[in-house]
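Novice: As input, take final04.txt (compact mmCIF, N, CA and C atoms):
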# COMPACT_ATOMS: atom_id res chain seq x y z
N MET A 273 0.81 -1.20 0.00
CA MET A 273 0.00 0.00 0.00
C MET A 273 0.85 1.27 0.00
N PRO A 274 1.91 1.31 -0.78
CA PRO A 274 2.70 2.54 -0.82
C PRO A 274 1.94 3.71 -1.47
N TRP A 275 0.96 3.43 -2.32
CA TRP A 275 0.18 4.49 -2.94
C TRP A 275 -0.55 5.31 -1.91
N LEU A 276 -0.99 4.66 -0.82
CA LEU A 276 -1.69 5.38 0.25
C LEU A 276 -0.75 6.37 0.94
N ALA A 277 0.50 5.97 1.13
CA ALA A 277 1.48 6.87 1.75
C ALA A 277 1.69 8.10 0.87
N TRP A 278 1.76 7.88 -0.47
CA TRP A 278 1.91 9.01 -1.38
C TRP A 278 0.68 9.92 -1.36
N LEU A 279 -0.51 9.32 -1.24
CA LEU A 279 -1.72 10.14 -1.15
C LEU A 279 -1.73 10.98 0.12
N LEU A 280 -1.29 10.39 1.22
CA LEU A 280 -1.22 11.15 2.48
C LEU A 280 -0.19 12.28 2.37
N ALA A 281 0.94 11.99 1.72
CA ALA A 281 1.95 13.04 1.52
C ALA A 281 1.40 14.16 0.64
N ALA A 282 0.65 13.78 -0.39
CA ALA A 282 0.05 14.79 -1.28
C ALA A 282 -0.94 15.65 -0.50
N ALA A 283 -1.74 15.02 0.36
CA ALA A 283 -2.71 15.77 1.15
C ALA A 283 -2.00 16.73 2.12
N ALA A 284 -0.94 16.26 2.76
CA ALA A 284 -0.19 17.12 3.68
C ALA A 284 0.44 18.29 2.93
N LEU A 285 1.00 18.03 1.76
CA LEU A 285 1.59 19.11 0.97
C LEU A 285 0.52 20.08 0.48
N GLY A 286 -0.66 19.56 0.16
CA GLY A 286 -1.77 20.43 -0.25
C GLY A 286 -2.20 21.35 0.88
N VAL A 287 -2.23 20.84 2.09
CA VAL A 287 -2.57 21.67 3.25
C VAL A 287 -1.49 22.74 3.46
N ALA A 288 -0.23 22.35 3.32
CA ALA A 288 0.86 23.32 3.46
C ALA A 288 0.74 24.41 2.39
N GLU A 289 0.36 24.05 1.17
CA GLU A 289 0.18 25.04 0.10
C GLU A 289 -0.96 26.00 0.45
N PHE A 290 -2.02 25.46 1.03
CA PHE A 290 -3.16 26.29 1.41
C PHE A 290 -2.74 27.40 2.36
N PHE A 291 -1.82 27.10 3.25
CA PHE A 291 -1.40 28.10 4.23
C PHE A 291 -0.28 29.01 3.74
N THR A 292 0.53 28.56 2.78
CA THR A 292 1.66 29.37 2.35
C THR A 292 1.41 30.11 1.04
N LEU A 293 0.62 29.54 0.14
CA LEU A 293 0.31 30.13 -1.17
C LEU A 293 1.57 30.47 -1.97
N THR A 294 2.55 29.57 -1.95
CA THR A 294 3.79 29.80 -2.69
C THR A 294 3.83 29.07 -4.01
N LEU A 295 2.91 28.20 -4.26
CA LEU A 295 2.84 27.32 -5.43
C LEU A 295 3.87 26.20 -5.39
N VAL A 296 4.77 26.21 -4.43
CA VAL A 296 5.78 25.15 -4.33
C VAL A 296 5.16 23.88 -3.76
N PHE A 297 4.50 24.00 -2.62
CA PHE A 297 3.93 22.81 -1.99
C PHE A 297 2.82 22.21 -2.84
N GLY A 298 2.07 23.04 -3.54
CA GLY A 298 1.01 22.53 -4.41
C GLY A 298 1.58 21.70 -5.55
N LEU A 299 2.67 22.18 -6.14
CA LEU A 299 3.31 21.42 -7.22
C LEU A 299 3.94 20.14 -6.69
N LEU A 300 4.49 20.18 -5.50
CA LEU A 300 5.02 18.97 -4.89
C LEU A 300 3.90 17.99 -4.55
N ALA A 301 2.74 18.51 -4.17
CA ALA A 301 1.58 17.64 -3.93
C ALA A 301 1.18 16.95 -5.23
N GLY A 302 1.21 17.68 -6.33
CA GLY A 302 0.92 17.06 -7.62
C GLY A 302 1.93 15.98 -7.96
N ALA A 303 3.20 16.22 -7.66
CA ALA A 303 4.24 15.22 -7.90
C ALA A 303 4.00 13.98 -7.04
N ALA A 304 3.55 14.18 -5.80
CA ALA A 304 3.24 13.04 -4.93
C ALA A 304 2.06 12.25 -5.48
N LEU A 305 1.11 12.94 -6.11
CA LEU A 305 0.00 12.22 -6.75
C LEU A 305 0.49 11.38 -7.92
N VAL A 306 1.43 11.91 -8.68
CA VAL A 306 2.02 11.13 -9.78
C VAL A 306 2.70 9.88 -9.21
N ALA A 307 3.43 10.04 -8.13
CA ALA A 307 4.09 8.90 -7.49
C ALA A 307 3.06 7.90 -6.98
N ALA A 308 1.91 8.38 -6.50
CA ALA A 308 0.85 7.48 -6.03
C ALA A 308 0.30 6.66 -7.19
N VAL A 309 0.13 7.29 -8.35
CA VAL A 309 -0.37 6.57 -9.52
C VAL A 309 0.65 5.52 -9.96
N VAL A 310 1.93 5.90 -9.95
CA VAL A 310 2.98 4.94 -10.33
C VAL A 310 3.01 3.78 -9.35
N ALA A 311 2.85 4.06 -8.06
CA ALA A 311 2.81 2.99 -7.06
C ALA A 311 1.58 2.12 -7.24
N GLY A 312 0.47 2.73 -7.60
CA GLY A 312 -0.76 1.97 -7.82
C GLY A 312 -0.67 1.03 -9.00
N VAL A 313 0.12 1.41 -10.00
CA VAL A 313 0.31 0.56 -11.18
C VAL A 313 1.18 -0.65 -10.82
N GLY A 314 1.96 -0.54 -9.75
CA GLY A 314 2.77 -1.66 -9.30
C GLY A 314 4.26 -1.49 -9.54
N ILE A 315 4.70 -0.31 -9.90
CA ILE A 315 6.13 -0.05 -10.11
C ILE A 315 6.78 0.12 -8.74
N GLY A 316 8.01 -0.33 -8.61
CA GLY A 316 8.73 -0.33 -7.34
C GLY A 316 9.08 1.06 -6.83
N LEU A 317 9.73 1.07 -5.67
CA LEU A 317 10.07 2.32 -4.98
C LEU A 317 10.99 3.20 -5.82
N LEU A 318 11.95 2.61 -6.51
CA LEU A 318 12.85 3.40 -7.33
C LEU A 318 12.08 4.12 -8.44
N GLY A 319 11.17 3.44 -9.07
CA GLY A 319 10.34 4.05 -10.11
C GLY A 319 9.45 5.15 -9.55
N GLN A 320 8.94 4.94 -8.34
CA GLN A 320 8.10 5.96 -7.70
C GLN A 320 8.92 7.22 -7.41
N LEU A 321 10.14 7.03 -6.90
CA LEU A 321 10.99 8.19 -6.59
C LEU A 321 11.40 8.93 -7.86
N VAL A 322 11.67 8.19 -8.94
CA VAL A 322 12.00 8.84 -10.21
C VAL A 322 10.80 9.63 -10.72
N ALA A 323 9.60 9.05 -10.64
CA ALA A 323 8.39 9.75 -11.08
C ALA A 323 8.16 10.99 -10.23
N LEU A 324 8.37 10.88 -8.93
CA LEU A 324 8.22 12.03 -8.03
C LEU A 324 9.21 13.13 -8.42
N ALA A 325 10.46 12.77 -8.64
CA ALA A 325 11.49 13.76 -8.97
C ALA A 325 11.20 14.43 -10.30
N LEU A 326 10.85 13.65 -11.31
CA LEU A 326 10.55 14.23 -12.63
C LEU A 326 9.34 15.17 -12.57
N ALA A 327 8.30 14.76 -11.89
CA ALA A 327 7.10 15.60 -11.79
C ALA A 327 7.39 16.87 -10.99
N ALA A 328 8.18 16.73 -9.93
CA ALA A 328 8.51 17.91 -9.11
C ALA A 328 9.36 18.89 -9.89
N VAL A 329 10.37 18.40 -10.58
CA VAL A 329 11.23 19.29 -11.37
C VAL A 329 10.44 19.95 -12.48
N ALA A 330 9.62 19.17 -13.18
CA ALA A 330 8.81 19.75 -14.26
C ALA A 330 7.88 20.83 -13.72
N GLY A 331 7.27 20.57 -12.60
CA GLY A 331 6.36 21.56 -12.02
C GLY A 331 7.08 22.83 -11.57
N LEU A 332 8.19 22.65 -10.87
CA LEU A 332 8.89 23.81 -10.32
C LEU A 332 9.64 24.61 -11.39
N VAL A 333 10.12 23.92 -12.42
CA VAL A 333 10.90 24.62 -13.45
C VAL A 333 10.01 25.15 -14.58
N LEU A 334 9.00 24.39 -14.96
CA LEU A 334 8.18 24.79 -16.10
C LEU A 334 6.87 25.48 -15.71
N VAL A 335 6.16 24.94 -14.76
CA VAL A 335 4.82 25.44 -14.44
C VAL A 335 4.84 26.65 -13.52
N ARG A 336 5.66 26.61 -12.47
CA ARG A 336 5.65 27.68 -11.46
C ARG A 336 5.97 29.06 -12.04
N PRO A 337 7.01 29.22 -12.87
CA PRO A 337 7.28 30.56 -13.41
C PRO A 337 6.12 31.10 -14.25
N VAL A 338 5.51 30.23 -15.04
CA VAL A 338 4.38 30.66 -15.87
C VAL A 338 3.21 31.06 -14.97
N ALA A 339 2.94 30.28 -13.94
CA ALA A 339 1.83 30.58 -13.03
C ALA A 339 2.08 31.88 -12.27
N LEU A 340 3.31 32.10 -11.81
CA LEU A 340 3.61 33.34 -11.09
C LEU A 340 3.47 34.55 -12.01
N ARG A 341 3.91 34.41 -13.25
CA ARG A 341 3.78 35.52 -14.21
C ARG A 341 2.30 35.83 -14.46
N ALA A 342 1.48 34.80 -14.54
CA ALA A 342 0.06 35.01 -14.77
C ALA A 342 -0.61 35.65 -13.54
N LEU A 343 -0.14 35.29 -12.36
CA LEU A 343 -0.74 35.85 -11.14
C LEU A 343 -0.38 37.31 -10.95
N THR A 344 0.85 37.68 -11.27
CA THR A 344 1.24 39.08 -11.09
C THR A 344 0.59 39.94 -12.15
N GLY A 345 0.55 39.48 -13.37
CA GLY A 345 -0.17 40.16 -14.45
C GLY A 345 0.10 41.64 -14.54
N SER A 346 -0.70 42.30 -15.32
CA SER A 346 -0.55 43.74 -15.48
C SER A 346 -1.35 44.46 -14.39
N PRO A 347 -0.92 45.66 -14.03
CA PRO A 347 -1.63 46.39 -13.00
C PRO A 347 -3.02 46.80 -13.48
N VAL A 348 -3.88 47.05 -12.53
CA VAL A 348 -5.24 47.47 -12.84
C VAL A 348 -5.19 48.83 -13.53
N THR A 349 -5.90 48.95 -14.62
CA THR A 349 -5.95 50.23 -15.32
C THR A 349 -7.17 51.01 -14.85
N HIS A 350 -7.01 52.30 -14.78
CA HIS A 350 -8.11 53.15 -14.36
C HIS A 350 -8.83 53.65 -15.60
N GLU A 351 -10.14 53.69 -15.52
CA GLU A 351 -10.95 54.14 -16.64
C GLU A 351 -11.83 55.29 -16.20
N GLY A 352 -12.33 56.02 -17.17
CA GLY A 352 -13.25 57.11 -16.90
C GLY A 352 -12.58 58.22 -16.11
N SER A 353 -13.33 58.80 -15.21
CA SER A 353 -12.80 59.94 -14.46
C SER A 353 -11.66 59.54 -13.52
N ASP A 354 -11.62 58.27 -13.10
CA ASP A 354 -10.52 57.83 -12.22
C ASP A 354 -9.17 57.92 -12.93
N ALA A 355 -9.17 57.86 -14.26
CA ALA A 355 -7.92 57.94 -15.02
C ALA A 355 -7.31 59.34 -14.93
N LEU A 356 -8.08 60.33 -14.52
CA LEU A 356 -7.58 61.70 -14.44
C LEU A 356 -6.78 61.96 -13.17
N ILE A 357 -6.95 61.13 -12.17
CA ILE A 357 -6.24 61.33 -10.90
C ILE A 357 -4.75 61.20 -11.14
N GLY A 358 -4.01 62.22 -10.69
CA GLY A 358 -2.57 62.26 -10.87
C GLY A 358 -2.14 63.00 -12.13
N LYS A 359 -3.09 63.37 -12.98
CA LYS A 359 -2.75 64.09 -14.21
C LYS A 359 -2.47 65.56 -13.92
N ARG A 360 -1.74 66.18 -14.84
CA ARG A 360 -1.46 67.60 -14.75
C ARG A 360 -2.57 68.35 -15.48
N ALA A 361 -2.96 69.49 -14.94
CA ALA A 361 -4.01 70.31 -15.55
C ALA A 361 -3.58 71.77 -15.53
N GLU A 362 -4.22 72.55 -16.38
CA GLU A 362 -3.93 73.99 -16.43
C GLU A 362 -5.20 74.73 -16.01
N VAL A 363 -5.03 75.70 -15.14
CA VAL A 363 -6.16 76.49 -14.67
C VAL A 363 -6.57 77.46 -15.77
N ILE A 364 -7.87 77.42 -16.17
CA ILE A 364 -8.35 78.36 -17.18
C ILE A 364 -9.35 79.35 -16.58
N GLN A 365 -9.77 79.13 -15.35
CA GLN A 365 -10.56 80.09 -14.59
C GLN A 365 -10.13 79.91 -13.14
N GLU A 366 -9.86 81.01 -12.45
CA GLU A 366 -9.34 80.97 -11.08
C GLU A 366 -10.03 79.90 -10.25
N VAL A 367 -9.20 79.10 -9.53
CA VAL A 367 -9.71 78.00 -8.71
C VAL A 367 -9.62 78.39 -7.25
N THR A 368 -10.75 78.26 -6.57
CA THR A 368 -10.81 78.51 -5.12
C THR A 368 -11.34 77.26 -4.45
N ALA A 369 -11.69 77.40 -3.18
CA ALA A 369 -12.21 76.25 -2.44
C ALA A 369 -13.60 75.85 -2.91
N THR A 370 -14.29 76.73 -3.65
CA THR A 370 -15.66 76.42 -4.04
C THR A 370 -15.88 76.32 -5.54
N HIS A 371 -15.04 76.96 -6.35
CA HIS A 371 -15.28 76.92 -7.80
C HIS A 371 -14.00 77.17 -8.59
N GLY A 372 -14.08 76.91 -9.87
CA GLY A 372 -12.97 77.15 -10.78
C GLY A 372 -13.11 76.26 -11.99
N LEU A 373 -12.16 76.38 -12.92
CA LEU A 373 -12.21 75.61 -14.16
C LEU A 373 -10.78 75.26 -14.57
N VAL A 374 -10.56 73.97 -14.91
CA VAL A 374 -9.25 73.53 -15.36
C VAL A 374 -9.39 72.76 -16.66
N LYS A 375 -8.27 72.68 -17.39
CA LYS A 375 -8.23 71.87 -18.60
C LYS A 375 -7.29 70.71 -18.32
N VAL A 376 -7.83 69.51 -18.36
CA VAL A 376 -7.06 68.30 -18.10
C VAL A 376 -7.33 67.30 -19.21
N SER A 377 -6.29 66.78 -19.80
CA SER A 377 -6.38 65.82 -20.91
C SER A 377 -7.27 66.32 -22.02
N GLY A 378 -7.18 67.63 -22.31
CA GLY A 378 -7.93 68.22 -23.40
C GLY A 378 -9.38 68.52 -23.10
N GLU A 379 -9.83 68.27 -21.87
CA GLU A 379 -11.22 68.52 -21.50
C GLU A 379 -11.27 69.56 -20.39
N GLU A 380 -12.34 70.35 -20.39
CA GLU A 380 -12.55 71.32 -19.32
C GLU A 380 -13.35 70.66 -18.20
N TRP A 381 -12.86 70.86 -16.99
CA TRP A 381 -13.51 70.30 -15.81
C TRP A 381 -13.72 71.42 -14.79
N SER A 382 -14.88 71.36 -14.12
CA SER A 382 -15.04 72.26 -12.98
C SER A 382 -14.06 71.78 -11.92
N ALA A 383 -13.58 72.72 -11.12
CA ALA A 383 -12.53 72.36 -10.16
C ALA A 383 -12.69 73.13 -8.87
N ARG A 384 -12.07 72.59 -7.85
CA ARG A 384 -11.94 73.29 -6.58
C ARG A 384 -10.60 72.92 -5.99
N ALA A 385 -10.09 73.81 -5.14
CA ALA A 385 -8.77 73.60 -4.55
C ALA A 385 -8.85 72.59 -3.40
N LEU A 386 -7.85 71.74 -3.31
CA LEU A 386 -7.78 70.77 -2.23
C LEU A 386 -7.62 71.49 -0.89
N ASP A 387 -6.74 72.48 -0.87
CA ASP A 387 -6.53 73.29 0.33
C ASP A 387 -7.47 74.49 0.23
N GLU A 388 -8.38 74.60 1.15
CA GLU A 388 -9.41 75.65 1.10
C GLU A 388 -8.84 77.06 1.14
N SER A 389 -7.61 77.22 1.60
CA SER A 389 -7.02 78.56 1.68
C SER A 389 -6.35 78.98 0.37
N HIS A 390 -6.21 78.05 -0.57
CA HIS A 390 -5.54 78.38 -1.84
C HIS A 390 -6.48 79.07 -2.82
N VAL A 391 -5.95 80.07 -3.49
CA VAL A 391 -6.59 80.68 -4.65
C VAL A 391 -5.58 80.53 -5.78
N ILE A 392 -5.91 79.67 -6.74
CA ILE A 392 -4.96 79.33 -7.80
C ILE A 392 -5.28 80.16 -9.04
N PRO A 393 -4.31 80.96 -9.51
CA PRO A 393 -4.58 81.88 -10.62
C PRO A 393 -4.64 81.18 -11.98
N VAL A 394 -5.20 81.90 -12.96
CA VAL A 394 -5.30 81.42 -14.33
C VAL A 394 -3.88 81.16 -14.87
N GLY A 395 -3.72 80.07 -15.58
CA GLY A 395 -2.43 79.73 -16.17
C GLY A 395 -1.56 78.86 -15.29
N ALA A 396 -1.89 78.70 -14.02
CA ALA A 396 -1.08 77.88 -13.12
C ALA A 396 -1.27 76.39 -13.46
N LEU A 397 -0.23 75.62 -13.22
CA LEU A 397 -0.33 74.18 -13.41
C LEU A 397 -0.68 73.53 -12.08
N VAL A 398 -1.59 72.57 -12.14
CA VAL A 398 -2.05 71.89 -10.94
C VAL A 398 -2.05 70.39 -11.19
N ASP A 399 -2.09 69.63 -10.12
CA ASP A 399 -2.24 68.18 -10.19
C ASP A 399 -3.65 67.83 -9.74
N VAL A 400 -4.28 66.90 -10.44
CA VAL A 400 -5.61 66.43 -10.04
C VAL A 400 -5.41 65.41 -8.93
N MET A 401 -5.90 65.71 -7.76
CA MET A 401 -5.71 64.85 -6.60
C MET A 401 -6.84 63.83 -6.45
N GLU A 402 -8.05 64.24 -6.82
CA GLU A 402 -9.20 63.33 -6.76
C GLU A 402 -10.30 63.90 -7.63
N ILE A 403 -11.29 63.06 -7.89
CA ILE A 403 -12.48 63.49 -8.63
C ILE A 403 -13.66 63.34 -7.68
N ASP A 404 -14.36 64.44 -7.47
CA ASP A 404 -15.52 64.46 -6.58
C ASP A 404 -16.74 64.73 -7.44
N GLY A 405 -17.44 63.68 -7.86
CA GLY A 405 -18.56 63.84 -8.78
C GLY A 405 -18.04 64.29 -10.13
N ALA A 406 -18.40 65.51 -10.55
CA ALA A 406 -17.93 66.06 -11.81
C ALA A 406 -16.94 67.20 -11.57
N THR A 407 -16.34 67.21 -10.39
CA THR A 407 -15.40 68.27 -10.03
C THR A 407 -14.03 67.69 -9.75
N ALA A 408 -13.02 68.27 -10.38
CA ALA A 408 -11.64 67.87 -10.12
C ALA A 408 -11.14 68.63 -8.90
N VAL A 409 -10.62 67.91 -7.93
CA VAL A 409 -10.02 68.54 -6.76
C VAL A 409 -8.52 68.63 -7.06
N VAL A 410 -8.00 69.86 -7.07
CA VAL A 410 -6.65 70.09 -7.57
C VAL A 410 -5.75 70.71 -6.51
N TYR A 411 -4.44 70.57 -6.74
CA TYR A 411 -3.42 71.15 -5.87
C TYR A 411 -2.35 71.74 -6.76
N PRO A 412 -1.86 72.95 -6.45
CA PRO A 412 -0.86 73.58 -7.33
C PRO A 412 0.45 72.81 -7.37
N ARG A 413 1.07 72.80 -8.55
CA ARG A 413 2.36 72.11 -8.73
C ARG A 413 3.51 72.95 -8.17
N GLU A 414 3.32 74.26 -8.16
CA GLU A 414 4.37 75.17 -7.68
C GLU A 414 3.81 76.02 -6.54
N LEU A 415 4.71 76.65 -5.81
CA LEU A 415 4.30 77.53 -4.72
C LEU A 415 3.51 78.70 -5.26
N LEU A 416 2.45 79.05 -4.58
CA LEU A 416 1.63 80.19 -4.99
C LEU A 416 2.22 81.48 -4.43
N PRO A 417 2.02 82.60 -5.14
CA PRO A 417 2.55 83.88 -4.64
C PRO A 417 1.84 84.32 -3.38
Kindly transcribe the structure held in the file into structure tokens.

Specialist:
Amino acid sequence: MPWLAWLLAAAALGVAEFFTLTLVFGLLAGAALVAAVVAGVGIGLLGQLVALALAAVAGLVLVRPVALRALTGSPVTHEGSDALIGKRAEVIQEVTATHGLVKVSGEEWSARALDESHVIPVGALVDVMEIDGATAVVYPRELLP
């Protein structure tokens, strides 16, 4: 009943993978399952160990890098008004704590200053810090006079 020992090892490695999430123990659990199948067919201990080693190496060298690359993937892209956060804008109508107008990414947006004490003059460059409804909340890129 060596196949049962391999199944128990696979289960233990699967539990270890559940807690670590490294993909290493999971691939080793798969290799232990391969060894269990080889043992179930009736191949001796040497054949089981060779099957375990080949499956483990194949998993760790071939599968793990591809899986990690797929998991990291590309960063989340922002769409719509969220894409404007962090963009540079130009003030086209004086911006205060309550009103103003900026041009960002070729579009005019109503705006207000992030710092309520700021009055940002026409022509100043600002950064869009957040979008509040249809209003860009902006902060000057340079010191104000």

Novice: Which of these, A:Ala277, A:Ala325, A:Val409, A:Val394, has the shortest distance to Thr370 in chain A once you count only C-alpha atoms?

Specialist: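 Among the listed residues, A:Val409 lies closest to Thr370 in chain A.
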
Novice: Quick one: residues within 12 Å of Leu415 in chain A, only C-alpha atoms counted, chain neighbours fewer than 3 positions away excluded, as an MDAnalysis selection string?

Specialist: chainID A and resid 390:393 396:398 411:412

Novice: For range 372-387 of chain A, work out the shell of residues within 7 Å, counting all atoms listed in the file and skipping chain neighbours fewer than 4 positions away, then give it as number ranges by chain.

Specialist: A: 359-368, 391, 406-412

Novice: I'd like to know which of A:Arg413, A:Leu295, A:Ile403, A:Ala284 is closest to Gly331 in chain A, using all atoms listed in the file.

Specialist: A:Leu295

Novice: Which neighbours of Ala283 in chain A fall inside 8 Å, counting all atoms listed in the file, when residues of the same chain fewer than 3 positions from it are skipped, and could you give them as a ChimeraX atom specification?

Specialist: /A:277-280,286-289,301-302,304-305

Novice: What separation in Å, quoted to one decimal, exists between CA of Ala330 in chain A and CA of Leu343 in chain A?

Specialist: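 CA of Leu343 in chain A lies 19.0 Å from CA of Ala330 in chain A.
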
Novice: Run DSSP on the backbone and tell me which residues of chain A come out as alpha helix (DSSP H); list them as number ranges by chain.

Specialist: A: 274-292, 296-313, 317-330, 336-344

Novice: In Å, rounded to a single decimal, give me how far atom C of Ile357 in chain A is from atom C of Glu388 in chain A.

Specialist: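 Between these atoms lies a distance of 20.5 Å.
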
Novice: Provide the CA of Arg341 in chain A to CA of Ala308 in chain A distance in Å, to one decimal place.

Specialist: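 Value for the CA of Arg341 in chain A-CA of Ala308 in chain A distance: 29.4 Å.
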
Novice: Which residues, protein or nucleic acid, reach to within 10 Å of (8.3, 8.5, -2.5) in the file's coordinates when using only C-alpha atoms, and can you give that as a PyMOL selection string?

Specialist: chain A and resi 274-275+277-278+281+303-304+306-308+311+317-325

Novice: Pull N, CA and C atoms from the residues just selected and write them as a PDB file, keeping the file's coordinate frame.

Specialist:
ATOM      1  N   PRO A 274       1.910   1.310  -0.780  1.00  0.00           N
ATOM      2  CA  PRO A 274       2.700   2.540  -0.820  1.00  0.00           C
ATOM      3  C   PRO A 274       1.940   3.710  -1.470  1.00  0.00           C
ATOM      4  N   TRP A 275       0.960   3.430  -2.320  1.00  0.00           N
ATOM      5  CA  TRP A 275       0.180   4.490  -2.940  1.00  0.00           C
ATOM      6  C   TRP A 275      -0.550   5.310  -1.910  1.00  0.00           C
ATOM      7  N   ALA A 277       0.500   5.970   1.130  1.00  0.00           N
ATOM      8  CA  ALA A 277       1.480   6.870   1.750  1.00  0.00           C
ATOM      9  C   ALA A 277       1.690   8.100   0.870  1.00  0.00           C
ATOM     10  N   TRP A 278       1.760   7.880  -0.470  1.00  0.00           N
ATOM     11  CA  TRP A 278       1.910   9.010  -1.380  1.00  0.00           C
ATOM     12  C   TRP A 278       0.680   9.920  -1.360  1.00  0.00           C
ATOM     13  N   ALA A 281       0.940  11.990   1.720  1.00  0.00           N
ATOM     14  CA  ALA A 281       1.950  13.040   1.520  1.00  0.00           C
ATOM     15  C   ALA A 281       1.400  14.160   0.640  1.00  0.00           C
ATOM     16  N   ALA A 303       3.200  16.220  -7.660  1.00  0.00           N
ATOM     17  CA  ALA A 303       4.240  15.220  -7.900  1.00  0.00           C
ATOM     18  C   ALA A 303       4.000  13.980  -7.040  1.00  0.00           C
ATOM     19  N   ALA A 304       3.550  14.180  -5.800  1.00  0.00           N
ATOM     20  CA  ALA A 304       3.240  13.040  -4.930  1.00  0.00           C
ATOM     21  C   ALA A 304       2.060  12.250  -5.480  1.00  0.00           C
ATOM     22  N   VAL A 306       1.430  11.910  -8.680  1.00  0.00           N
ATOM     23  CA  VAL A 306       2.020  11.130  -9.780  1.00  0.00           C
ATOM     24  C   VAL A 306       2.700   9.880  -9.210  1.00  0.00           C
ATOM     25  N   ALA A 307       3.430  10.040  -8.130  1.00  0.00           N
ATOM     26  CA  ALA A 307       4.090   8.900  -7.490  1.00  0.00           C
ATOM     27  C   ALA A 307       3.060   7.900  -6.980  1.00  0.00           C
ATOM     28  N   ALA A 308       1.910   8.380  -6.500  1.00  0.00           N
ATOM     29  CA  ALA A 308       0.850   7.480  -6.030  1.00  0.00           C
ATOM     30  C   ALA A 308       0.300   6.660  -7.190  1.00  0.00           C
ATOM     31  N   ALA A 311       2.850   4.060  -8.060  1.00  0.00           N
ATOM     32  CA  ALA A 311       2.810   2.990  -7.060  1.00  0.00           C
ATOM     33  C   ALA A 311       1.580   2.120  -7.240  1.00  0.00           C
ATOM     34  N   LEU A 317       9.730   1.070  -5.670  1.00  0.00           N
ATOM     35  CA  LEU A 317      10.070   2.320  -4.980  1.00  0.00           C
ATOM     36  C   LEU A 317      10.990   3.200  -5.820  1.00  0.00           C
ATOM     37  N   LEU A 318      11.950   2.610  -6.510  1.00  0.00           N
ATOM     38  CA  LEU A 318      12.850   3.400  -7.330  1.00  0.00           C
ATOM     39  C   LEU A 318      12.080   4.120  -8.440  1.00  0.00           C
ATOM     40  N   GLY A 319      11.170   3.440  -9.070  1.00  0.00           N
ATOM     41  CA  GLY A 319      10.340   4.050 -10.110  1.00  0.00           C
ATOM     42  C   GLY A 319       9.450   5.150  -9.550  1.00  0.00           C
ATOM     43  N   GLN A 320       8.940   4.940  -8.340  1.00  0.00           N
ATOM     44  CA  GLN A 320       8.100   5.960  -7.700  1.00  0.00           C
ATOM     45  C   GLN A 320       8.920   7.220  -7.410  1.00  0.00           C
ATOM     46  N   LEU A 321      10.140   7.030  -6.900  1.00  0.00           N
ATOM     47  CA  LEU A 321      10.990   8.190  -6.590  1.00  0.00           C
ATOM     48  C   LEU A 321      11.400   8.930  -7.860  1.00  0.00           C
ATOM     49  N   VAL A 322      11.670   8.190  -8.940  1.00  0.00           N
ATOM     50  CA  VAL A 322      12.000   8.840 -10.210  1.00  0.00           C
ATOM     51  C   VAL A 322      10.800   9.630 -10.720  1.00  0.00           C
ATOM     52  N   ALA A 323       9.600   9.050 -10.640  1.00  0.00           N
ATOM     53  CA  ALA A 323       8.390   9.750 -11.080  1.00  0.00           C
ATOM     54  C   ALA A 323       8.160  10.990 -10.230  1.00  0.00           C
ATOM     55  N   LEU A 324       8.370  10.880  -8.930  1.00  0.00           N
ATOM     56  CA  LEU A 324       8.220  12.030  -8.030  1.00  0.00           C
ATOM     57  C   LEU A 324       9.210  13.130  -8.420  1.00  0.00           C
ATOM     58  N   ALA A 325      10.460  12.770  -8.640  1.00  0.00           N
ATOM     59  CA  ALA A 325      11.490  13.760  -8.970  1.00  0.00           C
ATOM     60  C   ALA A 325      11.200  14.430 -10.300  1.00  0.00           C
TER      61      ALA A 325
END

Novice: To box range 297-305 of chain A, take all atoms listed in the file, fit an axis-aligned box, add 5 Å on each side, and give centre and edge lengths in Å to one decimal, as AutoDock Vina command-line options.

Specialist:
--center_x 2.5 --center_y 17.7 --center_z -5.0 --size_x 15.0 --size_y 22.6 --size_z 16.0

Novice: Closest to Val296 in chain A among A:Gly358, A:Ala282, A:Leu332, A:Gly314, using all atoms listed in the file?

Specialist: A:Leu332
